[in-house]
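S.K.: I'd like to ask you about the structure that follows.
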Amino acid sequence: MVLNPYRYLVQGIASAVVNIGKEYGLELNYKDVVRLITEPPSMNLGDLGVSIHRFAKQARVNPIDFGEKVASTLRNNSEVSTAKVVGGYVNVFYKPDHLGRLIINSLKENPNYGSEPVDKPLRIIVEHTSANPIHPLHIGHARNAFLGDTLANLLRNRGHVVQTRFYIDDTGRQVAILALGYKLLGEPEPPENIKPDEWLGRIYALTNLLMELKDIRNKLKAIELKLKTTGGSEEDLEEYRRFVKKQDEIVADLDRLWSLDKELFDKLSKAIMEYDGDFEKELGKIMMSYEKGEEWAKKLVRKVVDIALEGIKITLKNLDIDFNKWDYESDLVWSSLVEKIIGKAKNSPYFIIYKGAEALDTGKLAKNKEVIEKLGIRIRGEIPPLILRRSDGTTLYTTRDIAYTIYKFRDFNADKVINIIGAEQRLPQAQVKLALYAIGYRREAENLITYIYEMVHIPGMKMSSRRYRIVTLDWMLSELYDRAKKEVDSRRKDLPKEDRERISRELSKAAVKFQMASIDPLKPLSFSFEKALSLKENSAPYLMYTYARANSVLSKINSIEWDNIDYSEAEHPTRKKLLWLIGKYPWVASKAADDLSPELLGGFLIELADHFNRWYGEERIIDEKDPGIRNLKLAITYGVRHVIGHGLRLFGINVLPYI
RNA sequence: GGGCCCGUCGCCUAGCCAGGAUAGGGCGCCGGCCUUCUAAGCCGGUGGUCCGGGGUUCAAAUCCCCGCGGGCCCGCCA
């Protein structure tokens with residue numbers, strides 16, 4: 001049984017080229033040949049073509065002679081109708097009936113058509129989202145989460161054994177700030193009427209801002225005094241103005257938070273303004289005690305972290321994203337694995353004391369071109385040393401991440417670990433890889449894949465969770481839901497309320513998922529509300545609509561008579577194109593997994609839907625009188641429905657029988 | 001100052017890694033199509049110096065160099 005019709009055809013051409021190459025004394029690399037096989041710009045030129053300039057040149061023969069030999073070999077294949085040499089290409093035309101039979105057989109015999117498992121499955125970890133447990137998920141996390149989830153789905157579909165993990169960074173400074181604010185507030189239970197992560201996000205931002213405000217006021221006072229007594233210099237005045245401006249910004253942010261929740265604001269600001277201790281000292285104490293695992297700190301920090309996680313988990317559940325494992329960073333620290341790493345680092349030739357702190361000279365290792373190449377690091381400039389531990393003895397996130405990487409490889413016996421991570425972390429992630437290599441974890445360093453995505457930014461808004469300038473995923477989802485609901489209500493007055501609600505929910509989820517996961521992750525994503533909420537464009541609702549349309553046709557017939565298909569009628573151009581695309585689907589799904597490129601699949605699904613919708617306007621399906629043709633048309637419709645459904649599910653999108 | 005990423009019709013985007021045939025979609029705008037399988041659809045029209053300049057090549061949106069523009073990073077933050 002052919003699992004991947006397109007690959008089957010490509011392989012036929014590739015082996016013909018390789019064989020002719022041999023006749024000319026060339027040892028052609030099979031994969032290189034496959035890369036040069038493309039679809040001609042128009043189906044009139046052929047179904048598949050291969051550029052042979054390169055090979056002819058290598059063989060020092062006329063491209064036409066080389067091409068002619070390839071073409072004549074291909075003409076002997078039973079499914080090939082003809083092969084032509086045109087402008088440096090060998091173009092192949094397949095017999096439409098053979099093509100149709102090949103594709104439809106593959107489709108109907110495979111309930112999971114579109115999954116082409118690899119020969120040697122790998123054990124792969126996809127770590128994604130991993131948001132700090134201090135605030136709700138925002139649209140930046142959304143890109144991370146949907147990329148990660150889709151990648152995991154794609155890899156599983158390719159037959160790999162995949163585990164998804166969420167890394168809970170509970171040992172850092174941010175969590176300590178939140179914990180301190182929460183403590184000053186008197187450690188209250190979260191109120192009922194607000195999502196717990198939302199509530200904590202406000203506490204976190206308020207604590208930050210109030211601390212900053214207090215600090216800046218002290219600085220202003222000092223300068224004022226100086227100005228009064230000595231008159232001050234031009235620089236002092238300049239500094240004074242800068243601080244005033246910053247103070248204004250903080251006040252504006254505080255004002256916003258005040259209007260969100262006056263009661264919380266008043267309580268917390270009173271506590272912080274009256275607090276006479278040293279914030280920095282207190283934060284250090286929390287971090288230190290937590291890392292040491294002292295009971296009071298464990299109780300306090302775990303409590304806030306778990307409140308935040310409760311909210312984050314609700315959001316993720318609403319989006320049908322689940323994780324196989326949740327890893328607390330603190331567990332890692334307490335387990336002494338981090339300590340062990342530092343021990344190993346001390347024995348490494350790259351160990352240095354940098355600015356008085358224990359560090360690894362990752363920059364020195366990066367000078368080794370071979371290592372850089374092997375680790376896939378692109379940074380050519382100076383890479384600064386990686387500090388492993390603060391002077392007070394607490395560890396840094398990168399140090400813990402080294403330990404976590406090793407832990408992931410061990411715990412799952414993983415062949416590869418993929419980290420979905422924002423572009424701003426490129427440098428530290430490169431340092432983590434170098435550090436792993438430096439302390440002897442070469443296999444781990446080489447098989448750690450840093451999957452970078454660019455920022456999501458909102459025009460005219462600087463996102464900052466420290467200042468509570470964020471667009472939460474919850475908000476966006478509910479906004480999308482409202483828009484979808486309005487649309488569904490006006491279009492489907494015939495459906496019961498629950499149906500309309502379910503459809504609206506699925507449409508809104510799908511829209512945001514598809515938008516985030518189907519464009520090149522390296523393109524900075526300028527987030528526009530209009531666009532994200534429009535439900536139009538190259539969007540998931542369009543694909544879901546197309547699915548429902550195909551399903552609607554199929555729901556009106558009893559069954560497809562697979563043995564009564566008139567394959568000779570597959571010559572019709574639109575039908576042939578559709579069959580072709582259905583046949584190409586497994587290849588695309590495999591490639592999207594192998595290249596870690598979900599966007600490939602997104603574009604393909606849109607293309608298939610475009611052709612189906614065009615055809616739908618062109619020809620009647622169930623009204624077709626001729627049984628052979630009718631069954632052919634139904635088989636195509638079945639294929640379109642299957643492929644769109646299968647493909648959307650890889651994006652984590654649930655298809656609906658009707659919308 | 002150094003480094004990384006991105007730059008394709010008015011706007012968004014595919015193609016770039018692995019150079020090859022007419023740069024493919026969408027939004028917008030203009031004009032058509034619901035007594036026929038879901039009009040979230042279809043058909044026609046509009047719109048492109050592939051950021052600029054060099055170079056490599058038989059061939060460059062794609063590779064290399066120099067610029068320009070935007071974003072990000074260069075912390076005992078994450």
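Note on naming: chains are A, B, ... as they come in the structure tokens, residues start from 1 per chain, ligands start from 1 in the order shown.
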Up to 8 Å from chain A, what residues of chain B turn up? Count only C-alpha atoms (C1' of nucleotides) and give them as a VMD selection string.
M.R.: chain B and resid 2 to 6 13 to 14 18 20 to 22 25 to 27 37 to 38 40 to 42 71 to 74 76 to 78
S.K.: Rounded to one decimal place, report the atom CA of A:Ala142-atom CA of A:Ala205 distance in Å.
M.R.: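 Rounded to one decimal, the two atoms are 20.4 Å apart.
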S.K.: Using DSSP on the backbone, list every residue of stretch 577-645 of chain A that comes out as helix (DSSP H, G or I), and give them as JSON, numbers by chain.
M.R.: {"A": [577, 578, 579, 580, 581, 582, 583, 584, 585, 586, 587, 588, 589, 590, 591, 592, 593, 594, 598, 599, 600, 601, 602, 603, 604, 605, 606, 607, 608, 609, 610, 611, 612, 613, 614, 615, 616, 617, 618, 627, 628, 629, 630, 631, 632, 633, 634, 635, 636, 637, 638, 639, 640, 641, 642, 643, 644, 645]}
S.K.: Give me the residues near A:Arg442 as a list in words, where near means some atom within 12 Å (using only C-alpha atoms (C1' of nucleotides)) and where sequence neighbours in that chain fewer than 6 positions away do not count.
M.R.: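 Neighbouring residues, sequence-local ones excluded: Val371, Lys374, Leu375, Thr405, Ile406, Phe409, Val432, Lys433, Leu434, Ala435, Leu436 and Leu448 of chain A.
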S.K.: May I have the selected residues written with N, CA and C atoms, as a PDB file, in the first residue's frame?
M.R.:
```pdb
ATOM      1  N   VAL A 371      32.864  23.737  16.629  1.00  0.00           N
ATOM      2  CA  VAL A 371      31.847  23.585  17.668  1.00  0.00           C
ATOM      3  C   VAL A 371      30.609  24.406  17.319  1.00  0.00           C
ATOM      4  N   LYS A 374      28.710  22.742  14.637  1.00  0.00           N
ATOM      5  CA  LYS A 374      28.031  21.539  15.118  1.00  0.00           C
ATOM      6  C   LYS A 374      26.791  21.879  15.930  1.00  0.00           C
ATOM      7  N   LEU A 375      26.870  22.953  16.673  1.00  0.00           N
ATOM      8  CA  LEU A 375      25.750  23.332  17.532  1.00  0.00           C
ATOM      9  C   LEU A 375      24.751  24.233  16.818  1.00  0.00           C
ATOM     10  N   THR A 405      17.853  21.011  30.864  1.00  0.00           N
ATOM     11  CA  THR A 405      18.055  20.346  29.580  1.00  0.00           C
ATOM     12  C   THR A 405      18.561  18.913  29.783  1.00  0.00           C
ATOM     13  N   ILE A 406      19.545  18.784  30.642  1.00  0.00           N
ATOM     14  CA  ILE A 406      20.076  17.449  30.920  1.00  0.00           C
ATOM     15  C   ILE A 406      18.979  16.567  31.517  1.00  0.00           C
ATOM     16  N   PHE A 409      16.571  15.296  28.810  1.00  0.00           N
ATOM     17  CA  PHE A 409      17.147  14.195  28.034  1.00  0.00           C
ATOM     18  C   PHE A 409      17.105  12.888  28.831  1.00  0.00           C
ATOM     19  N   VAL A 432      23.681  28.518  26.665  1.00  0.00           N
ATOM     20  CA  VAL A 432      23.296  27.265  27.316  1.00  0.00           C
ATOM     21  C   VAL A 432      23.858  26.076  26.529  1.00  0.00           C
ATOM     22  N   LYS A 433      23.724  26.135  25.216  1.00  0.00           N
ATOM     23  CA  LYS A 433      24.263  25.062  24.376  1.00  0.00           C
ATOM     24  C   LYS A 433      25.769  24.938  24.536  1.00  0.00           C
ATOM     25  N   LEU A 434      26.439  26.084  24.479  1.00  0.00           N
ATOM     26  CA  LEU A 434      27.890  26.085  24.614  1.00  0.00           C
ATOM     27  C   LEU A 434      28.318  25.548  25.980  1.00  0.00           C
ATOM     28  N   ALA A 435      27.569  25.946  27.000  1.00  0.00           N
ATOM     29  CA  ALA A 435      27.894  25.500  28.350  1.00  0.00           C
ATOM     30  C   ALA A 435      27.750  23.983  28.453  1.00  0.00           C
ATOM     31  N   LEU A 436      26.671  23.450  27.890  1.00  0.00           N
ATOM     32  CA  LEU A 436      26.465  22.000  27.896  1.00  0.00           C
ATOM     33  C   LEU A 436      27.654  21.299  27.263  1.00  0.00           C
ATOM     34  N   LEU A 448      19.867  19.548  21.124  1.00  0.00           N
ATOM     35  CA  LEU A 448      18.945  20.535  21.673  1.00  0.00           C
ATOM     36  C   LEU A 448      18.587  21.499  20.547  1.00  0.00           C
TER      37      LEU A 448
END
```
S.K.: Would you please give, as a list in words, all residues of stretch 22-104 of chain A that DSSP assigns to strand (DSSP E) based on the backbone?
M.R.: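 Restricting stretch 22-104 of chain A to strand (DSSP E) produces Ile37, Thr38, Leu48, Gly49, Val50, Ser51, Val80, Ser81, Thr82, Ala83, Lys84, Val85, Val86, Tyr89, Val90, Asn91, Val92, Phe93 and Tyr94 of chain A.
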S.K.: Residues as selected, N, CA, C and O atoms, written as a CSV table (one decimal), in the first residue's frame, can you do that?
M.R.:
```csv
chain,number,residue,atom,x,y,z
A,37,ILE,N,13.1,18.4,-7.9
A,37,ILE,CA,11.9,18.0,-8.6
A,37,ILE,C,10.8,18.9,-8.1
A,37,ILE,O,10.6,19.0,-6.9
A,38,THR,N,10.2,19.6,-9.0
A,38,THR,CA,9.1,20.5,-8.7
A,38,THR,C,7.9,20.4,-9.6
A,38,THR,O,8.0,19.7,-10.6
A,48,LEU,N,4.9,16.9,-13.0
A,48,LEU,CA,6.1,17.1,-12.2
A,48,LEU,C,7.3,17.4,-13.2
A,48,LEU,O,7.2,16.9,-14.4
A,49,GLY,N,8.2,18.1,-12.8
A,49,GLY,CA,9.4,18.3,-13.6
A,49,GLY,C,10.7,18.3,-12.8
A,49,GLY,O,10.6,18.5,-11.6
A,50,VAL,N,11.8,18.1,-13.5
A,50,VAL,CA,13.0,18.1,-12.8
A,50,VAL,C,14.0,18.9,-13.7
A,50,VAL,O,14.1,18.8,-14.9
A,51,SER,N,14.7,19.8,-13.0
A,51,SER,CA,15.7,20.7,-13.6
A,51,SER,C,17.0,19.9,-13.8
A,51,SER,O,17.5,19.3,-12.8
A,80,VAL,N,3.2,6.7,-16.5
A,80,VAL,CA,3.6,7.9,-17.2
A,80,VAL,C,3.0,7.9,-18.6
A,80,VAL,O,3.0,7.0,-19.3
A,81,SER,N,2.3,9.0,-18.9
A,81,SER,CA,1.8,9.1,-20.3
A,81,SER,C,2.8,9.6,-21.2
A,81,SER,O,3.0,9.1,-22.3
A,82,THR,N,3.5,10.7,-20.8
A,82,THR,CA,4.6,11.1,-21.6
A,82,THR,C,5.6,12.0,-20.8
A,82,THR,O,5.3,12.4,-19.7
A,83,ALA,N,6.8,12.1,-21.3
A,83,ALA,CA,7.8,13.0,-20.7
A,83,ALA,C,8.5,13.8,-21.7
A,83,ALA,O,8.8,13.3,-22.8
A,84,LYS,N,8.6,15.1,-21.5
A,84,LYS,CA,9.2,16.0,-22.5
A,84,LYS,C,10.4,16.7,-21.9
A,84,LYS,O,10.4,17.0,-20.7
A,85,VAL,N,11.3,17.1,-22.8
A,85,VAL,CA,12.4,18.0,-22.4
A,85,VAL,C,12.0,19.4,-22.9
A,85,VAL,O,11.9,19.6,-24.1
A,86,VAL,N,11.9,20.3,-21.9
A,86,VAL,CA,11.6,21.7,-22.2
A,86,VAL,C,12.5,22.6,-21.4
A,86,VAL,O,12.5,22.6,-20.2
A,89,TYR,N,14.4,21.3,-18.6
A,89,TYR,CA,13.6,20.5,-17.6
A,89,TYR,C,13.2,19.2,-18.3
A,89,TYR,O,13.0,19.2,-19.5
A,90,VAL,N,13.0,18.2,-17.5
A,90,VAL,CA,12.3,17.0,-18.0
A,90,VAL,C,10.9,17.1,-17.3
A,90,VAL,O,10.9,17.1,-16.1
A,91,ASN,N,9.9,17.2,-18.1
A,91,ASN,CA,8.6,17.3,-17.5
A,91,ASN,C,7.8,16.1,-17.8
A,91,ASN,O,7.8,15.5,-18.9
A,92,VAL,N,7.1,15.6,-16.7
A,92,VAL,CA,6.4,14.3,-16.8
A,92,VAL,C,4.9,14.5,-16.7
A,92,VAL,O,4.5,15.3,-15.9
A,93,PHE,N,4.2,13.9,-17.6
A,93,PHE,CA,2.8,13.8,-17.5
A,93,PHE,C,2.3,12.4,-17.1
A,93,PHE,O,2.8,11.5,-17.7
A,94,TYR,N,1.5,12.3,-16.1
A,94,TYR,CA,1.0,11.0,-15.7
A,94,TYR,C,-0.3,10.7,-16.4
A,94,TYR,O,-1.1,11.7,-16.7
```
S.K.: For A:Ala14, find every residue with an atom within 8 Å (counting only C-alpha atoms (C1' of nucleotides)), except residues of its own chain fewer than 5 positions away, and show them as an NGL selection string.
M.R.: :A and (30 or 33-34 or 37)
S.K.: Output N, CA and C atoms for every residue in that selection, as a short mmCIF file (atom, residue, chain, number, x, y, z; two decimals), in the first residue's frame.
M.R.:
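Output (selection_24.cif):
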```
data_model
loop_
_atom_site.label_atom_id
_atom_site.label_comp_id
_atom_site.auth_asym_id
_atom_site.auth_seq_id
_atom_site.Cartn_x
_atom_site.Cartn_y
_atom_site.Cartn_z
N TYR A 30 20.86 11.07 -4.20
CA TYR A 30 19.42 10.89 -4.39
C TYR A 30 18.63 12.08 -3.84
N VAL A 33 18.75 15.20 -5.92
CA VAL A 33 17.88 15.10 -7.09
C VAL A 33 16.44 15.38 -6.70
N VAL A 34 16.02 14.78 -5.60
CA VAL A 34 14.64 14.96 -5.13
C VAL A 34 14.34 16.45 -4.94
N ILE A 37 13.15 18.35 -7.95
CA ILE A 37 11.88 17.97 -8.58
C ILE A 37 10.78 18.90 -8.09
#
```
S.K.: So, with only C-alpha atoms as the atoms that count, which of A:Asp261, A:Asp489, A:Asp149, A:Asp401 lies closest to A:Leu596?
M.R.: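 Between A:Asp261, A:Asp489, A:Asp149, A:Asp401, the residue approaching A:Leu596 most closely is A:Asp149.
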S.K.: Applying 8 Å and only C-alpha atoms (C1' of nucleotides), which residues near stretch 332-347 of chain A remain after dropping the ones on its own chain fewer than 2 positions away? List them as a list in words.
M.R.: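 Counting only the stated atoms, we get Glu291, Lys292, Gly293, Tyr328, Glu329, Ser330, Pro349, Tyr350, Phe351, Leu360, Leu388, Thr399, Arg400, Ile402, Ala403, Tyr404, Ala438 and Ile439 of chain A.
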S.K.: Determine, counting only C-alpha atoms (C1' of nucleotides), which protein, DNA and RNA residues have an atom within 9 Å of an atom of stretch 479-485 of chain A; residues of the same chain fewer than 6 positions away are not included. Present the result as a PDB file with N, CA and C atoms, in the first residue's frame.
M.R.:
```
ATOM      1  N   ARG A 500     -25.010  26.872  18.170  1.00  0.00           N
ATOM      2  CA  ARG A 500     -24.407  28.139  17.745  1.00  0.00           C
ATOM      3  C   ARG A 500     -23.266  28.521  18.670  1.00  0.00           C
ATOM      4  N   GLU A 501     -23.430  28.216  19.942  1.00  0.00           N
ATOM      5  CA  GLU A 501     -22.366  28.530  20.892  1.00  0.00           C
ATOM      6  C   GLU A 501     -21.140  27.655  20.660  1.00  0.00           C
ATOM      7  N   ILE A 503     -20.264  26.190  17.895  1.00  0.00           N
ATOM      8  CA  ILE A 503     -19.631  26.593  16.639  1.00  0.00           C
ATOM      9  C   ILE A 503     -18.815  27.872  16.840  1.00  0.00           C
ATOM     10  N   SER A 504     -19.381  28.819  17.545  1.00  0.00           N
ATOM     11  CA  SER A 504     -18.671  30.080  17.776  1.00  0.00           C
ATOM     12  C   SER A 504     -17.387  29.840  18.553  1.00  0.00           C
ATOM     13  N   ARG A 505     -17.478  28.952  19.527  1.00  0.00           N
ATOM     14  CA  ARG A 505     -16.306  28.658  20.348  1.00  0.00           C
ATOM     15  C   ARG A 505     -15.197  28.058  19.481  1.00  0.00           C
ATOM     16  N   GLU A 506     -15.568  27.053  18.696  1.00  0.00           N
ATOM     17  CA  GLU A 506     -14.550  26.389  17.871  1.00  0.00           C
ATOM     18  C   GLU A 506     -13.971  27.345  16.826  1.00  0.00           C
ATOM     19  N   LEU A 507     -14.826  28.167  16.248  1.00  0.00           N
ATOM     20  CA  LEU A 507     -14.337  29.122  15.242  1.00  0.00           C
ATOM     21  C   LEU A 507     -13.354  30.114  15.842  1.00  0.00           C
ATOM     22  N   SER A 508     -13.657  30.607  17.033  1.00  0.00           N
ATOM     23  CA  SER A 508     -12.784  31.624  17.603  1.00  0.00           C
ATOM     24  C   SER A 508     -11.445  31.018  18.015  1.00  0.00           C
ATOM     25  N   LYS A 509     -11.480  29.827  18.595  1.00  0.00           N
ATOM     26  CA  LYS A 509     -10.235  29.144  18.947  1.00  0.00           C
ATOM     27  C   LYS A 509      -9.393  28.910  17.706  1.00  0.00           C
ATOM     28  N   ALA A 511      -9.406  30.373  14.828  1.00  0.00           N
ATOM     29  CA  ALA A 511      -8.891  31.570  14.161  1.00  0.00           C
ATOM     30  C   ALA A 511      -7.563  31.993  14.765  1.00  0.00           C
ATOM     31  N   VAL A 512      -7.495  32.020  16.091  1.00  0.00           N
ATOM     32  CA  VAL A 512      -6.267  32.486  16.725  1.00  0.00           C
ATOM     33  C   VAL A 512      -5.154  31.456  16.572  1.00  0.00           C
ATOM     34  N   ALA A 532      -6.832  39.908  13.465  1.00  0.00           N
ATOM     35  CA  ALA A 532      -6.972  38.695  14.267  1.00  0.00           C
ATOM     36  C   ALA A 532      -8.433  38.373  14.521  1.00  0.00           C
ATOM     37  N   LEU A 533      -9.249  39.393  14.606  1.00  0.00           N
ATOM     38  CA  LEU A 533     -10.640  39.161  14.954  1.00  0.00           C
ATOM     39  C   LEU A 533     -11.559  39.131  13.739  1.00  0.00           C
ATOM     40  N   SER A 534     -10.978  39.282  12.543  1.00  0.00           N
ATOM     41  CA  SER A 534     -11.832  39.447  11.374  1.00  0.00           C
ATOM     42  C   SER A 534     -12.502  38.158  10.926  1.00  0.00           C
ATOM     43  N   LEU A 535     -11.896  37.016  11.263  1.00  0.00           N
ATOM     44  CA  LEU A 535     -12.427  35.712  10.856  1.00  0.00           C
ATOM     45  C   LEU A 535     -12.417  35.557   9.347  1.00  0.00           C
TER      46      LEU A 535
END
```
S.K.: Between atom CA of A:Val161 and atom CA of A:Ile312, what is the spacing in Å?
M.R.: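 Straight-line distance from atom CA of A:Ile312 to atom CA of A:Val161 works out to 25.9 Å.
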S.K.: So what do you get for atom CA of A:Leu154 versus atom CA of A:Val2, distance-wise?
M.R.: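 One can read the atom CA of A:Leu154 to atom CA of A:Val2 distance as 19.9 Å.
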S.K.: Neighbouring residues of B:C9 were defined as those with any atom within 12 Å, considering only C-alpha atoms (C1' of nucleotides); residues of the same chain fewer than 5 positions away were excluded. Please report them as an NGL selection string.
M.R.: :B and (23 or 28 or 46-50)
S.K.: With all heavy atoms retained, could you export that selection as a short mmCIF file (atom, residue, chain, number, x, y, z; two decimals), in the first residue's frame?
M.R.:
```
data_model
loop_
_atom_site.label_atom_id
_atom_site.label_comp_id
_atom_site.auth_asym_id
_atom_site.auth_seq_id
_atom_site.Cartn_x
_atom_site.Cartn_y
_atom_site.Cartn_z
P A B 23 6.15 36.41 -13.13
OP1 A B 23 5.55 37.74 -13.23
OP2 A B 23 7.62 36.31 -13.22
"O5'" A B 23 5.65 35.78 -11.75
"C5'" A B 23 5.95 34.46 -11.35
"C4'" A B 23 5.85 34.39 -9.86
"O4'" A B 23 7.00 35.06 -9.28
"C3'" A B 23 4.65 35.12 -9.26
"O3'" A B 23 3.51 34.29 -9.25
"C2'" A B 23 5.14 35.44 -7.86
"O2'" A B 23 5.07 34.30 -7.01
"C1'" A B 23 6.61 35.76 -8.13
N9 A B 23 6.84 37.19 -8.36
C8 A B 23 7.07 37.81 -9.55
N7 A B 23 7.25 39.11 -9.45
C5 A B 23 7.14 39.35 -8.09
C6 A B 23 7.24 40.51 -7.33
N6 A B 23 7.49 41.71 -7.85
N1 A B 23 7.07 40.40 -5.99
C2 A B 23 6.82 39.20 -5.47
N3 A B 23 6.70 38.03 -6.08
C4 A B 23 6.88 38.17 -7.40
P G B 28 -12.13 42.76 2.53
OP1 G B 28 -13.21 43.06 3.47
OP2 G B 28 -12.38 41.89 1.36
"O5'" G B 28 -11.48 44.11 2.00
"C5'" G B 28 -11.12 45.13 2.91
"C4'" G B 28 -10.44 46.26 2.19
"O4'" G B 28 -9.20 45.79 1.60
"C3'" G B 28 -11.21 46.81 1.00
"O3'" G B 28 -12.19 47.75 1.42
"C2'" G B 28 -10.10 47.48 0.19
"O2'" G B 28 -9.75 48.72 0.72
"C1'" G B 28 -8.95 46.48 0.38
N9 G B 28 -8.87 45.50 -0.71
C8 G B 28 -9.33 44.20 -0.69
N7 G B 28 -9.11 43.56 -1.80
C5 G B 28 -8.47 44.50 -2.62
C6 G B 28 -8.00 44.40 -3.95
O6 G B 28 -8.04 43.41 -4.70
N1 G B 28 -7.43 45.59 -4.39
C2 G B 28 -7.33 46.73 -3.65
N2 G B 28 -6.76 47.77 -4.24
N3 G B 28 -7.76 46.85 -2.40
C4 G B 28 -8.32 45.70 -1.95
P U B 46 -6.80 44.12 -14.69
OP1 U B 46 -6.09 44.74 -15.82
OP2 U B 46 -6.40 42.78 -14.20
"O5'" U B 46 -6.78 45.12 -13.44
"C5'" U B 46 -7.22 46.46 -13.58
"C4'" U B 46 -7.17 47.16 -12.25
"O4'" U B 46 -8.05 46.49 -11.31
"C3'" U B 46 -5.82 47.12 -11.56
"O3'" U B 46 -4.98 48.15 -12.07
"C2'" U B 46 -6.18 47.34 -10.09
"O2'" U B 46 -6.38 48.69 -9.80
"C1'" U B 46 -7.52 46.60 -10.00
N1 U B 46 -7.38 45.24 -9.43
C2 U B 46 -7.36 45.13 -8.04
O2 U B 46 -7.43 46.10 -7.30
N3 U B 46 -7.23 43.86 -7.56
C4 U B 46 -7.15 42.69 -8.31
O4 U B 46 -7.06 41.61 -7.74
C5 U B 46 -7.18 42.89 -9.73
C6 U B 46 -7.30 44.14 -10.24
P G B 47 -3.62 47.78 -12.84
OP1 G B 47 -3.28 48.95 -13.65
OP2 G B 47 -3.75 46.45 -13.47
"O5'" G B 47 -2.55 47.68 -11.67
"C5'" G B 47 -2.32 48.81 -10.82
"C4'" G B 47 -2.11 48.35 -9.43
"O4'" G B 47 -3.16 47.45 -9.03
"C3'" G B 47 -0.84 47.52 -9.22
"O3'" G B 47 0.28 48.36 -9.08
"C2'" G B 47 -1.16 46.76 -7.94
"O2'" G B 47 -0.96 47.56 -6.80
"C1'" G B 47 -2.67 46.50 -8.12
N9 G B 47 -2.95 45.16 -8.62
C8 G B 47 -3.10 44.76 -9.92
N7 G B 47 -3.34 43.48 -10.04
C5 G B 47 -3.35 43.01 -8.74
C6 G B 47 -3.56 41.70 -8.23
O6 G B 47 -3.79 40.66 -8.87
N1 G B 47 -3.47 41.67 -6.83
C2 G B 47 -3.23 42.76 -6.03
N2 G B 47 -3.18 42.53 -4.72
N3 G B 47 -3.04 43.98 -6.49
C4 G B 47 -3.11 44.03 -7.84
P G B 48 1.56 48.09 -10.02
OP1 G B 48 2.36 49.33 -10.02
OP2 G B 48 1.12 47.45 -11.26
"O5'" G B 48 2.33 47.00 -9.17
"C5'" G B 48 2.69 47.24 -7.78
"C4'" G B 48 3.85 46.35 -7.44
"O4'" G B 48 3.40 44.99 -7.48
"C3'" G B 48 5.02 46.45 -8.41
"O3'" G B 48 5.99 47.33 -7.86
"C2'" G B 48 5.54 45.01 -8.54
"O2'" G B 48 6.80 44.84 -7.91
"C1'" G B 48 4.52 44.17 -7.76
N9 G B 48 4.04 42.97 -8.43
C8 G B 48 3.73 42.76 -9.75
N7 G B 48 3.31 41.52 -9.98
C5 G B 48 3.36 40.91 -8.73
C6 G B 48 3.04 39.59 -8.33
O6 G B 48 2.63 38.66 -9.02
N1 G B 48 3.23 39.40 -6.97
C2 G B 48 3.69 40.37 -6.10
N2 G B 48 3.82 39.99 -4.81
N3 G B 48 3.99 41.60 -6.44
C4 G B 48 3.81 41.79 -7.77
P U B 49 6.63 48.44 -8.89
OP1 U B 49 7.32 49.46 -8.08
OP2 U B 49 5.56 48.84 -9.82
"O5'" U B 49 7.72 47.64 -9.72
"C5'" U B 49 8.67 46.84 -9.08
"C4'" U B 49 10.04 47.22 -9.62
"O4'" U B 49 10.24 48.65 -9.56
"C3'" U B 49 11.16 46.66 -8.77
"O3'" U B 49 11.42 45.32 -9.17
"C2'" U B 49 12.31 47.60 -9.07
"O2'" U B 49 12.92 47.28 -10.29
"C1'" U B 49 11.57 48.94 -9.21
N1 U B 49 11.57 49.71 -7.95
C2 U B 49 12.66 50.50 -7.68
O2 U B 49 13.62 50.58 -8.40
N3 U B 49 12.59 51.17 -6.49
C4 U B 49 11.57 51.16 -5.58
O4 U B 49 11.63 51.84 -4.56
C5 U B 49 10.46 50.31 -5.93
C6 U B 49 10.51 49.63 -7.07
P C B 50 12.10 44.28 -8.33
OP1 C B 50 13.45 44.75 -8.01
OP2 C B 50 11.89 43.00 -8.98
"O5'" C B 50 11.20 44.27 -6.99
"C5'" C B 50 11.82 44.45 -5.73
"C4'" C B 50 11.22 43.49 -4.74
"O4'" C B 50 10.46 42.47 -5.41
"C3'" C B 50 12.25 42.80 -3.88
"O3'" C B 50 11.83 42.89 -2.53
"C2'" C B 50 12.23 41.35 -4.37
"O2'" C B 50 12.44 40.44 -3.33
"C1'" C B 50 10.80 41.21 -4.89
N1 C B 50 10.68 40.21 -5.94
C2 C B 50 10.29 38.90 -5.58
O2 C B 50 10.08 38.66 -4.39
N3 C B 50 10.16 37.97 -6.55
C4 C B 50 10.38 38.29 -7.81
N4 C B 50 10.23 37.34 -8.72
C5 C B 50 10.78 39.60 -8.20
C6 C B 50 10.91 40.53 -7.24
#
```
